[in-house]
Each structure stands twice: as structure tokens, then as C-alpha cells.
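See below for the structure under consideration.
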Amino acid sequence: MSESPRTELAAVWPPTAAVVNAAGHKPKSPMKAVREKCLDCCAGQVGEIRLCEAVSCPLWPFRSGTHPYTAKRQNPLHGASDMESGAVYGE
């Protein structure tokens, strides 16, 4: 009995570009992949991603499709992050 194509693809670890392509995936950034997973988790409802309360999820900080720890996300006035500055809550 031969394995199914899915099983054969899943057996390759780590997956190569050829295996990923054979599985039907197209090249994308990790941040885009995270955003797509959040959209999947929220049943395709974009607005639900913003409202997500699953703060213990490892993808939660990245759900907007941006990396919250990069220099671009830092408060330029004080070097504090948006959360530390209160900007997240409109303070």
C-alpha cells in the first residue's frame, strides 16, 4: 500500500522549496503567513483579527501582519514601545 501524496509531502522535514511548491504553496513572507493563519482562525472575518483576545497565542503579537518588536514600531519620542507609551490605549 503506497502512501498518499499528502503523507509523502508531510514526511519531508524540513520541507524544501520543491516540496512546498508541490503542496500548492506560493512564496510569502513569514509575517504574511502569520496574518493568513489568523484569518483562518477567525473564520475569514478580518475584523475579528483586530478584536482577538487569544493573548496567550504565540501569533497574537503579530496578528496585524507587522512585527511589533522592530525599530519602526518603537515610539520615536522616548524610545518606548507603543504599549509602554500608552499609545495603544489612546492615552
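In the C-alpha cells, chains take the letters A, B, ... in the order shown, each chain's residues start at 1, and ligands count up from 1 in the order shown.
When the distance limit is 12 Å and only C-alpha atoms are what count, the residues near range 46-56 of chain A, minus those fewer than 6 positions from it on the same chain, are Val34, Arg35, Glu36, Lys37, Cys38, Leu39, Asp40, Phe62, Arg63, Ser64 and Gly65 of chain A.
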Export, as a PDB file, in the first residue's frame, the selected residues with N, CA and C atoms.
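The resulting file, result_39.pdb, is reproduced below:
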ATOM      1  N   VAL A  34       1.638  34.395   8.957  1.00  0.00           N
ATOM      2  CA  VAL A  34       1.006  34.573  10.266  1.00  0.00           C
ATOM      3  C   VAL A  34      -0.350  35.242  10.082  1.00  0.00           C
ATOM      4  N   ARG A  35      -0.401  36.291   9.290  1.00  0.00           N
ATOM      5  CA  ARG A  35      -1.654  37.003   9.052  1.00  0.00           C
ATOM      6  C   ARG A  35      -2.706  36.066   8.452  1.00  0.00           C
ATOM      7  N   GLU A  36      -2.297  35.235   7.509  1.00  0.00           N
ATOM      8  CA  GLU A  36      -3.223  34.292   6.888  1.00  0.00           C
ATOM      9  C   GLU A  36      -3.721  33.259   7.900  1.00  0.00           C
ATOM     10  N   LYS A  37      -2.850  32.824   8.811  1.00  0.00           N
ATOM     11  CA  LYS A  37      -3.279  31.870   9.834  1.00  0.00           C
ATOM     12  C   LYS A  37      -4.280  32.522  10.776  1.00  0.00           C
ATOM     13  N   CYS A  38      -4.051  33.772  11.137  1.00  0.00           N
ATOM     14  CA  CYS A  38      -5.005  34.487  11.987  1.00  0.00           C
ATOM     15  C   CYS A  38      -6.350  34.619  11.280  1.00  0.00           C
ATOM     16  N   LEU A  39      -6.330  34.896  10.003  1.00  0.00           N
ATOM     17  CA  LEU A  39      -7.563  34.999   9.231  1.00  0.00           C
ATOM     18  C   LEU A  39      -8.276  33.646   9.214  1.00  0.00           C
ATOM     19  N   ASP A  40      -7.538  32.578   9.077  1.00  0.00           N
ATOM     20  CA  ASP A  40      -8.104  31.227   9.126  1.00  0.00           C
ATOM     21  C   ASP A  40      -8.731  30.964  10.496  1.00  0.00           C
ATOM     22  N   PHE A  62       1.639  39.296  16.425  1.00  0.00           N
ATOM     23  CA  PHE A  62       1.944  39.502  15.009  1.00  0.00           C
ATOM     24  C   PHE A  62       0.690  39.520  14.135  1.00  0.00           C
ATOM     25  N   ARG A  63      -0.500  39.487  14.753  1.00  0.00           N
ATOM     26  CA  ARG A  63      -1.743  39.302  14.016  1.00  0.00           C
ATOM     27  C   ARG A  63      -2.057  40.429  13.046  1.00  0.00           C
ATOM     28  N   SER A  64      -1.489  41.603  13.235  1.00  0.00           N
ATOM     29  CA  SER A  64      -1.745  42.710  12.317  1.00  0.00           C
ATOM     30  C   SER A  64      -0.935  42.593  11.034  1.00  0.00           C
ATOM     31  N   GLY A  65      -0.048  41.613  10.983  1.00  0.00           N
ATOM     32  CA  GLY A  65       0.792  41.453   9.802  1.00  0.00           C
ATOM     33  C   GLY A  65       2.069  42.262   9.881  1.00  0.00           C
TER      34      GLY A  65
END
Near-range 19-27 of chain A list (10 Å; only C-alpha atoms; drop same-chain fewer than 4 positions) as a PyMOL selection string
chain A and resi 5-6+8-15+32-33
Pairwise distance, CA of Thr16 in chain A with CA of Thr66 in chain A, equals 25.5 Å
